[in-house]
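Enquirer: To be precise about what I am sending: the file is called input_22.txt and holds compact mmCIF, C-alpha atoms.
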```txt
# COMPACT_ATOMS: atom_id res chain seq x y z
CA MET A 1 29.34 -28.20 -6.52
CA LEU A 2 26.28 -30.15 -5.59
CA ALA A 3 26.87 -29.38 -1.92
CA ALA A 4 27.16 -25.70 -2.75
CA ILE A 5 23.86 -25.75 -4.57
CA GLN A 6 22.16 -27.53 -1.71
CA TRP A 7 23.65 -25.05 0.71
CA ASN A 8 22.50 -22.06 -1.34
CA PHE A 9 19.10 -23.61 -1.50
CA GLY A 10 19.10 -23.62 2.29
CA VAL A 11 20.04 -19.95 2.49
CA GLU A 12 17.26 -18.97 0.14
CA SER A 13 14.76 -21.11 2.01
CA VAL A 14 15.65 -19.57 5.37
CA THR A 15 15.54 -16.03 3.96
CA PHE A 16 12.27 -16.76 2.24
CA ALA A 17 10.75 -18.14 5.44
CA ILE A 18 11.72 -15.09 7.50
CA ALA A 19 10.63 -12.61 4.82
CA ALA A 20 7.38 -14.48 4.28
CA PHE A 21 6.71 -14.39 8.02
CA ILE A 22 7.30 -10.61 8.06
CA CYS A 23 5.08 -10.16 5.00
CA VAL A 24 2.16 -12.12 6.36
CA GLY A 25 2.48 -10.62 9.84
CA GLY A 26 2.56 -7.12 8.40
CA ALA A 27 -0.41 -7.83 6.17
CA LEU A 28 -2.40 -9.11 9.14
CA GLY A 29 -1.34 -6.02 11.07
CA VAL A 30 -2.63 -3.75 8.30
CA VAL A 31 -6.00 -5.42 8.45
CA MET A 32 -6.36 -5.87 12.19
CA ALA A 33 -4.77 -2.76 13.71
CA ARG A 34 -7.41 -0.48 15.18
CA ASN A 35 -5.32 2.62 14.66
CA PRO A 36 -4.61 3.70 11.04
CA VAL A 37 -1.07 4.72 12.03
CA HIS A 38 -0.38 1.16 13.14
CA SER A 39 -1.82 -0.08 9.86
CA ALA A 40 0.57 2.16 7.94
CA LEU A 41 3.56 0.92 9.94
CA SER A 42 2.50 -2.70 9.40
CA LEU A 43 2.31 -1.90 5.70
CA VAL A 44 5.96 -0.80 5.87
CA ALA A 45 6.86 -4.21 7.32
CA THR A 46 5.11 -6.00 4.47
CA LEU A 47 6.74 -3.76 1.86
CA PHE A 48 10.18 -4.45 3.33
CA GLY A 49 9.44 -8.16 3.32
CA VAL A 50 8.47 -8.03 -0.33
CA ALA A 51 11.68 -6.06 -1.04
CA VAL A 52 13.69 -8.86 0.60
CA LEU A 53 11.86 -11.40 -1.57
CA PHE A 54 12.76 -9.32 -4.64
CA VAL A 55 16.41 -9.41 -3.57
CA ILE A 56 16.54 -13.18 -3.19
CA GLN A 57 14.97 -13.45 -6.64
CA GLU A 58 17.79 -11.22 -7.92
CA ALA A 59 15.54 -8.31 -8.86
CA TYR A 60 17.82 -5.83 -7.10
CA PHE A 61 16.62 -2.71 -8.89
CA LEU A 62 12.99 -3.47 -8.12
CA ALA A 63 13.88 -4.07 -4.48
CA ALA A 64 15.52 -0.64 -4.29
CA ILE A 65 12.54 0.98 -6.04
CA GLN A 66 10.20 -0.87 -3.69
CA VAL A 67 11.88 0.60 -0.62
CA ILE A 68 12.31 4.09 -2.08
CA VAL A 69 8.91 4.54 -3.72
CA TYR A 70 6.66 2.47 -1.48
CA ALA A 71 8.17 2.74 1.97
CA GLY A 72 9.76 6.11 1.32
CA ALA A 73 7.04 7.97 -0.54
CA ILE A 74 3.68 6.21 -0.49
CA VAL A 75 3.60 5.27 3.18
CA VAL A 76 4.82 8.73 4.14
CA LEU A 77 1.96 10.14 2.05
CA PHE A 78 -0.43 7.89 3.95
CA LEU A 79 0.96 9.09 7.27
CA PHE A 80 0.70 12.72 6.14
CA VAL A 81 -2.97 12.27 5.33
CA ILE A 82 -3.65 10.41 8.58
CA MET A 83 -2.06 13.23 10.58
CA LEU A 84 -3.74 15.91 8.45
CA LEU A 85 -7.20 14.48 8.94
CA GLY A 86 -6.62 13.56 12.55
CA VAL A 87 -8.22 10.17 12.11
CA ASP A 88 -5.55 8.71 14.34
CA ARG A 89 -7.43 10.28 17.24
CA VAL A 90 -10.70 8.54 16.49
CA GLU A 91 -9.67 5.42 18.33
CA ASN A 92 -8.15 5.94 21.72
CA PHE A 93 -4.70 4.80 22.50
CA VAL A 94 -5.09 2.41 25.39
CA GLU A 95 -1.80 3.40 26.91
CA GLU A 96 1.71 3.89 25.76
CA ARG A 97 4.01 1.05 26.59
CA LYS A 98 7.38 2.53 25.85
CA PRO A 99 9.76 -0.29 26.84
CA LEU A 100 7.81 -2.75 24.73
CA SER A 101 7.72 -0.38 21.77
CA LEU A 102 11.44 0.14 22.10
CA ALA A 103 12.15 -3.60 22.26
CA VAL A 104 9.94 -4.33 19.28
CA GLY A 105 11.50 -1.53 17.23
CA ILE A 106 15.06 -2.57 17.97
CA GLY A 107 14.28 -6.22 17.44
CA PHE A 108 12.65 -5.56 14.10
CA GLY A 109 15.51 -3.37 12.91
CA ALA A 110 18.06 -5.96 13.96
CA ALA A 111 16.13 -8.73 12.26
CA LEU A 112 15.96 -6.79 8.99
CA ALA A 113 19.65 -5.93 9.14
CA GLY A 114 20.57 -9.52 9.88
CA LEU A 115 18.40 -10.71 7.06
CA ALA A 116 20.05 -8.34 4.62
CA ALA A 117 23.52 -9.26 5.85
CA LEU A 118 22.94 -13.02 5.99
CA PRO A 119 24.50 -13.92 2.64
CA LEU A 120 27.39 -11.52 3.23
CA LEU A 121 28.14 -13.00 6.64
CA VAL A 122 28.28 -16.51 5.25
CA ASP A 123 30.24 -15.92 2.08
CA ALA A 124 30.42 -12.75 0.04
CA ASN A 125 31.37 -14.53 -3.16
CA THR A 126 28.65 -17.13 -3.15
CA LYS A 127 25.81 -16.70 -5.50
CA PHE A 128 22.70 -15.83 -3.57
CA THR A 129 20.37 -18.40 -5.04
CA GLY A 130 20.75 -21.83 -6.49
CA GLN A 131 18.46 -21.01 -9.34
CA LYS A 132 19.31 -19.16 -12.49
CA ALA A 133 18.38 -15.52 -12.47
CA VAL A 134 16.57 -13.73 -15.26
CA LYS A 135 18.41 -14.29 -18.49
CA GLY A 136 16.57 -12.37 -21.14
CA THR A 137 17.71 -12.21 -24.72
CA LEU A 138 20.14 -9.35 -24.30
CA ASP A 139 23.59 -9.22 -22.78
CA GLY A 140 24.50 -7.36 -19.65
CA ASP A 141 23.60 -7.54 -15.99
CA GLU A 142 20.17 -7.48 -14.46
CA LEU A 143 19.76 -3.71 -14.43
CA THR A 144 20.99 -3.37 -18.01
CA ARG A 145 18.49 -5.95 -19.21
CA LEU A 146 15.66 -4.25 -17.36
CA GLY A 147 16.62 -0.87 -18.81
CA ARG A 148 16.85 -2.24 -22.35
CA SER A 149 13.50 -3.93 -21.93
CA LEU A 150 11.90 -0.72 -20.69
CA PHE A 151 13.29 1.44 -23.47
CA THR A 152 12.75 -0.95 -26.36
CA ASP A 153 9.82 -3.32 -25.85
CA TYR A 154 7.92 -1.12 -23.44
CA VAL A 155 8.98 2.33 -24.58
CA PHE A 156 5.45 3.39 -25.52
CA ALA A 157 4.07 2.35 -22.13
CA PHE A 158 7.02 4.08 -20.50
CA GLU A 159 6.19 7.33 -22.28
CA LEU A 160 2.55 6.94 -21.28
CA THR A 161 3.52 6.73 -17.59
CA SER A 162 4.86 10.27 -17.83
CA ALA A 163 1.44 11.43 -19.01
CA LEU A 164 -0.15 9.39 -16.22
CA LEU A 165 2.01 11.05 -13.57
CA ILE A 166 1.25 14.54 -14.91
CA ILE A 167 -2.47 13.77 -14.93
CA ALA A 168 -2.30 12.42 -11.37
CA VAL A 169 -0.51 15.54 -10.15
CA VAL A 170 -3.02 17.83 -11.84
CA GLY A 171 -5.87 15.75 -10.47
CA ALA A 172 -4.50 15.94 -6.94
CA VAL A 173 -4.15 19.72 -7.20
CA VAL A 174 -7.69 20.11 -8.52
CA LEU A 175 -9.11 17.83 -5.84
CA SER A 176 -7.34 19.53 -2.95
CA ARG A 177 -8.14 23.07 -4.10
CA LYS A 178 -10.84 24.86 -2.18
CA PRO A 179 -13.88 25.70 -4.31
CA GLU A 180 -14.04 29.35 -5.36
CA GLY A 181 -16.51 31.66 -3.67
CA ASP A 182 -17.54 29.01 -1.18
CA PRO A 183 -14.77 28.62 1.32
CA ILE A 184 -15.30 25.58 3.53
CA ASP A 185 -15.49 26.41 7.19
CA LEU A 186 -14.37 23.37 9.10
CA ASP A 187 -16.22 24.54 12.22
CA GLU A 188 -19.38 24.29 10.18
CA PHE A 189 -18.94 20.52 10.01
CA PRO A 190 -18.29 19.29 13.51
CA PRO A 191 -17.39 15.65 13.91
CA ILE A 192 -20.47 13.54 14.35
CA GLU A 193 -20.66 11.90 17.76
CA ASP A 194 -22.92 8.98 16.97
CA ASP A 195 -22.46 7.22 13.67
CA ASP A 196 -25.54 5.10 13.67
CA ASP A 197 -28.42 7.55 13.88
CA LEU A 198 -28.02 8.97 10.38
CA SER A 199 -27.07 12.34 11.81
CA VAL A 200 -24.96 12.63 8.66
CA ASP A 201 -27.93 14.17 6.97
CA GLU A 202 -27.84 17.26 9.13
CA THR A 203 -24.38 17.97 7.89
CA PHE A 204 -25.50 18.07 4.30
CA ASP A 205 -28.70 20.05 4.80
CA GLU A 206 -27.58 23.09 2.90
CA ASP A 207 -26.41 21.04 -0.02
CA GLY A 208 -29.98 20.41 -1.01
CA LEU A 209 -30.02 16.64 -0.81
CA ASP A 210 -33.42 15.07 -0.87
CA VAL A 211 -32.91 14.10 2.74
CA VAL A 212 -33.71 17.71 3.52
CA ASP A 213 -37.15 17.23 2.07
CA GLU A 214 -37.80 14.33 4.38
CA ALA A 215 -36.63 16.39 7.32
CA GLY A 216 -38.90 19.21 6.13
CA ASP A 217 -41.82 16.82 5.87
CA GLU A 218 -41.21 15.60 9.37
CA ALA A 219 -41.07 19.16 10.62
CA ALA A 220 -44.36 19.91 8.82
CA ALA A 221 -45.93 16.82 10.37
CA GLU A 222 -44.68 18.00 13.74
CA VAL A 223 -46.33 21.37 13.21
CA ALA A 224 -49.57 19.78 12.01
CA ARG A 225 -49.80 17.82 15.21
CA MET B 1 13.57 -22.71 -4.28
CA ALA B 2 10.42 -23.49 -6.13
CA THR B 3 8.38 -20.74 -7.69
CA THR B 4 5.41 -22.34 -5.99
CA SER B 5 6.47 -20.98 -2.61
CA TYR B 6 6.41 -17.42 -3.90
CA LEU B 7 3.08 -17.95 -5.58
CA VAL B 8 1.51 -19.36 -2.42
CA LEU B 9 2.88 -16.49 -0.35
CA ALA B 10 1.60 -13.97 -2.91
CA ALA B 11 -1.79 -15.64 -2.80
CA ILE B 12 -1.91 -15.42 0.99
CA ILE B 13 -0.97 -11.72 0.97
CA PHE B 14 -3.49 -11.03 -1.77
CA GLY B 15 -6.17 -12.83 0.21
CA ILE B 16 -5.42 -10.89 3.37
CA GLY B 17 -5.51 -7.64 1.40
CA ALA B 18 -8.79 -8.52 -0.24
CA ALA B 19 -10.32 -9.55 3.09
CA GLY B 20 -9.14 -6.30 4.67
CA LEU B 21 -10.58 -4.28 1.80
CA LEU B 22 -13.91 -5.91 2.52
CA ILE B 23 -13.79 -5.84 6.31
CA ARG B 24 -12.41 -2.43 7.11
CA ARG B 25 -14.47 0.73 6.70
CA ASN B 26 -11.79 3.35 7.14
CA PRO B 27 -11.01 4.54 3.57
CA LEU B 28 -7.32 4.96 4.39
CA VAL B 29 -6.97 1.39 5.64
CA MET B 30 -8.88 0.18 2.60
CA PHE B 31 -6.32 1.93 0.41
CA MET B 32 -3.51 0.20 2.30
CA CYS B 33 -5.19 -3.12 1.61
CA VAL B 34 -5.21 -2.29 -2.10
CA GLU B 35 -1.46 -1.68 -1.82
CA LEU B 36 -1.10 -5.11 -0.23
CA MET B 37 -2.87 -6.71 -3.16
CA LEU B 38 -0.72 -4.82 -5.68
CA ASN B 39 2.39 -6.03 -3.87
CA ALA B 40 1.21 -9.62 -3.97
CA VAL B 41 0.77 -9.32 -7.74
CA ASN B 42 4.23 -7.78 -8.08
CA LEU B 43 5.66 -10.75 -6.21
CA THR B 44 3.97 -13.10 -8.63
CA PHE B 45 5.35 -11.19 -11.61
CA VAL B 46 8.91 -11.34 -10.29
CA ALA B 47 8.65 -15.05 -9.46
CA PHE B 48 7.45 -15.90 -12.95
CA SER B 49 10.01 -13.55 -14.44
CA ARG B 50 12.75 -15.62 -12.83
CA GLN B 51 11.24 -18.96 -13.64
CA LEU B 52 10.69 -18.16 -17.30
CA GLY B 53 13.91 -16.22 -17.73
CA ASP B 54 12.07 -13.25 -19.18
CA VAL B 55 12.83 -9.77 -17.92
CA GLY B 56 9.42 -8.58 -19.13
CA GLY B 57 7.84 -9.50 -15.80
CA GLN B 58 10.14 -7.10 -13.99
CA SER B 59 9.24 -4.37 -16.47
CA ILE B 60 5.57 -4.89 -15.66
CA VAL B 61 6.35 -4.57 -11.94
CA PHE B 62 7.99 -1.24 -12.73
CA PHE B 63 4.79 -0.02 -14.38
CA VAL B 64 2.66 -1.34 -11.53
CA LEU B 65 4.76 0.72 -9.12
CA VAL B 66 4.22 3.87 -11.18
CA VAL B 67 0.48 3.27 -11.45
CA ALA B 68 0.26 2.56 -7.72
CA ALA B 69 1.98 5.85 -6.95
CA ALA B 70 -0.42 7.78 -9.20
CA GLU B 71 -3.38 5.91 -7.75
CA VAL B 72 -2.38 6.75 -4.19
CA VAL B 73 -2.00 10.43 -5.04
CA VAL B 74 -5.45 10.70 -6.60
CA GLY B 75 -7.09 8.42 -4.02
CA LEU B 76 -5.73 10.30 -1.04
CA GLY B 77 -6.80 13.56 -2.70
CA LEU B 78 -10.32 12.19 -2.93
CA ILE B 79 -10.26 11.03 0.70
CA VAL B 80 -9.06 14.44 1.87
CA ALA B 81 -11.80 16.13 -0.17
CA VAL B 82 -14.48 13.87 1.34
CA MET B 83 -13.13 14.18 4.88
CA ARG B 84 -13.20 17.96 4.57
CA ARG B 85 -16.92 17.85 4.02
CA ARG B 86 -17.52 15.43 6.83
CA GLN B 87 -14.91 14.57 9.39
CA GLY B 88 -14.49 10.98 10.43
CA ALA B 89 -16.31 9.64 7.37
CA ASP B 90 -16.02 5.94 6.68
CA ALA B 91 -16.86 3.95 3.59
CA ASP B 92 -20.50 3.53 4.60
CA ASP B 93 -21.01 7.29 4.64
CA LEU B 94 -19.90 7.50 1.01
CA ARG B 95 -23.31 6.19 -0.01
CA LEU B 96 -24.27 9.86 0.09
CA LEU B 97 -22.30 10.21 -3.14
CA ARG B 98 -24.88 8.04 -4.88
CA GLY B 99 -26.75 9.95 -7.56
```
Rewrite the structure of this file - the entire thing - as structure tokens.
Expert:
Amino acid sequence: MLAAIQWNFGVESVTFAIAAFICVGGALGVVMARNPVHSALSLVATLFGVAVLFVIQEAYFLAAIQVIVYAGAIVVLFLFVIMLLGVDRVENFVEERKPLSLAVGIGFGAALAGLAALPLLVDANTKFTGQKAVKGTLDGDELTRLGRSLFTDYVFAFELTSALLIIAVVGAVVLSRKPEGDPIDLDEFPPIEDDDDLSVDETFDEDGLDVVDEAGDEAAAEVAR
Amino acid sequence: MATTSYLVLAAIIFGIGAAGLLIRRNPLVMFMCVELMLNAVNLTFVAFSRQLGDVGGQSIVFFVLVVAAAEVVVGLGLIVAVMRRRQGADADDLRLLRG
């Protein structure tokens, strides 16, 4: 019994160490990658690592939601926007190194699969962790407890999230709609070559910012000379 | 496995996310750093949920996920709206939004 507990402790420690390494590496990748696409893919690594940590803490439902909602929906939304705006072309790709990319991709996939299968390979019947999982005051398994908690203690907040989601959808539609009567011509706003010389102001001339006045004053001074 | 390990890891991830939010100027990458920080907090909630034997922490994580999804939708909508006006804008250019 004691040996089993020690042994389980070891499994959790090893899994935690690997997942923590993936989490921290992915987080550093998000921050340090020059290309936003690489940042998004590093974010996926971190999210998967956190999902693994949820699993070894016996929060299985949250781990599934983490993968489906975060990695499946939010990161894809990020990638959509990156591709839509074309900001991935701002920084040049140095060069494509396909064999390395392939090796890294396969290695990462294999590592994740091995990590997920680790407890199954060792013994399918062993409890994953040596520590007690969430007990709660109600009977039933983990998912049942979470569901009861959501629909009893937190039912008002749960109902409010539906309103929140509706508001977010409406807000996104309003934000992404083109203004009436003033269609935006993208050719009218060419990408600025040099970021540092405040050439931004030229872009906004017709919007009537006070910068225009300064430009006008300079032009007047030019004429006066 | 001590809860401390999870808390330290969550703190490290949160710190990296916060540093990235401050360092990077690309609005998209800044949003990803916010997601990192939210995930670190979720990790903390789950760790304490297990230690204290209270499923409430997991319920909070559920709500954080929903709020994060809504936040990303609205935030990316804002970024797209700004980028339409001026391509290649970074966070420094948003000072033009000042009243």
Enquirer: What's the 6 Å shell around region 157-173 of chain A, counting all atoms listed in the file, without same-chain residues fewer than 4 positions away, as an MDAnalysis selection string?
Expert: chainID B and resid 70 74 77
Enquirer: One decimal, Å: what's the distance from CA of Leu52 (chain B) over to CA of Thr4 (chain B), could you say?
Expert: 13.2 Å
Enquirer: Smallest atom-to-atom distance to Val67 (chain B): which of B:Ser49, B:Leu94, B:Met30, B:Glu35, using only C-alpha atoms?
Expert: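 Using only C-alpha atoms, the shortest distance to Val67 (chain B) belongs to B:Glu35.
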Enquirer: Given the choices A:Val55, A:Ile22, A:Ala73, A:Val31, which gets closest to chain B if the distance is worked out from all atoms listed in the file?
Expert: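 Among A:Val55, A:Ile22, A:Ala73, A:Val31, it is A:Val31 that comes nearest to chain B.
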Enquirer: Which one is closest to chain B: A:Val44, A:Val67, A:Ala20, A:Met83? Count only C-alpha atoms.
Expert: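 Between A:Val44, A:Val67, A:Ala20, A:Met83, the residue approaching chain B most closely is A:Ala20.
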Enquirer: Per residue of chain B within 8 Å of chain A, record the nearest atom pair and its distance in Å to one decimal, counting only C-alpha atoms, with rows in chain order and ascending residue number, as a Markdown table.
Expert:
```
| residue | atom | partner | partner_atom | distance |
| --- | --- | --- | --- | --- |
| B:Met1 | CA | A:Phe9 | CA | 6.3 |
| B:Leu9 | CA | A:Ala20 | CA | 6.8 |
| B:Ile12 | CA | A:Val24 | CA | 7.5 |
| B:Ile13 | CA | A:Val24 | CA | 6.2 |
| B:Ile16 | CA | A:Ala27 | CA | 6.5 |
| B:Gly17 | CA | A:Ala27 | CA | 7.0 |
| B:Gly20 | CA | A:Val31 | CA | 5.0 |
| B:Arg24 | CA | A:Val31 | CA | 7.2 |
| B:Leu28 | CA | A:Pro36 | CA | 7.3 |
| B:Val29 | CA | A:Pro36 | CA | 6.3 |
| B:Met32 | CA | A:Leu43 | CA | 7.1 |
| B:Cys33 | CA | A:Val30 | CA | 7.2 |
| B:Leu36 | CA | A:Ala27 | CA | 7.0 |
| B:Asn39 | CA | A:Val50 | CA | 7.3 |
| B:Leu43 | CA | A:Val50 | CA | 7.1 |
| B:Val46 | CA | A:Phe54 | CA | 7.1 |
| B:Ala47 | CA | A:Gln57 | CA | 7.1 |
| B:Ser49 | CA | A:Val134 | CA | 6.6 |
| B:Arg50 | CA | A:Val134 | CA | 4.9 |
| B:Gln51 | CA | A:Val134 | CA | 7.6 |
| B:Leu52 | CA | A:Val134 | CA | 7.6 |
| B:Gly53 | CA | A:Val134 | CA | 4.4 |
| B:Asp54 | CA | A:Gly136 | CA | 5.0 |
| B:Val55 | CA | A:Gly136 | CA | 5.6 |
| B:Gly56 | CA | A:Ser149 | CA | 6.8 |
| B:Gln58 | CA | A:Leu146 | CA | 7.1 |
| B:Ser59 | CA | A:Leu150 | CA | 6.2 |
| B:Val61 | CA | A:Leu62 | CA | 7.7 |
| B:Phe62 | CA | A:Leu62 | CA | 7.2 |
| B:Phe63 | CA | A:Thr161 | CA | 7.6 |
| B:Leu65 | CA | A:Val69 | CA | 7.8 |
| B:Val66 | CA | A:Thr161 | CA | 7.1 |
| B:Val67 | CA | A:Thr161 | CA | 7.7 |
| B:Ala69 | CA | A:Ile74 | CA | 6.7 |
| B:Ala70 | CA | A:Ala168 | CA | 5.5 |
| B:Glu71 | CA | A:Ala168 | CA | 7.5 |
| B:Val72 | CA | A:Ile74 | CA | 7.1 |
| B:Val73 | CA | A:Ala172 | CA | 6.3 |
| B:Val74 | CA | A:Ala172 | CA | 5.3 |
| B:Leu76 | CA | A:Val81 | CA | 7.2 |
| B:Gly77 | CA | A:Ala172 | CA | 5.4 |
| B:Leu78 | CA | A:Leu175 | CA | 6.5 |
| B:Val80 | CA | A:Ser176 | CA | 7.2 |
| B:Ala81 | CA | A:Ser176 | CA | 6.3 |
| B:Met83 | CA | A:Leu85 | CA | 7.2 |
| B:Arg84 | CA | A:Leu186 | CA | 7.2 |
| B:Arg85 | CA | A:Phe189 | CA | 6.9 |
| B:Arg86 | CA | A:Phe189 | CA | 6.2 |
| B:Gln87 | CA | A:Pro191 | CA | 5.3 |
| B:Gly88 | CA | A:Pro191 | CA | 6.5 |
| B:Asp93 | CA | A:Val200 | CA | 7.8 |
```
Enquirer: Would you compute the distance between CA of Phe48 (chain B) and CA of Val8 (chain B)? Give it in Å to one decimal.
Expert: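 Distance between the two atoms: 12.6 Å.
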Enquirer: CA of Ala10 (chain B) and CA of Phe45 (chain B) are how many Å apart?
Expert: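 Spanning CA of Ala10 (chain B) to CA of Phe45 (chain B) is a straight-line distance of 9.9 Å.
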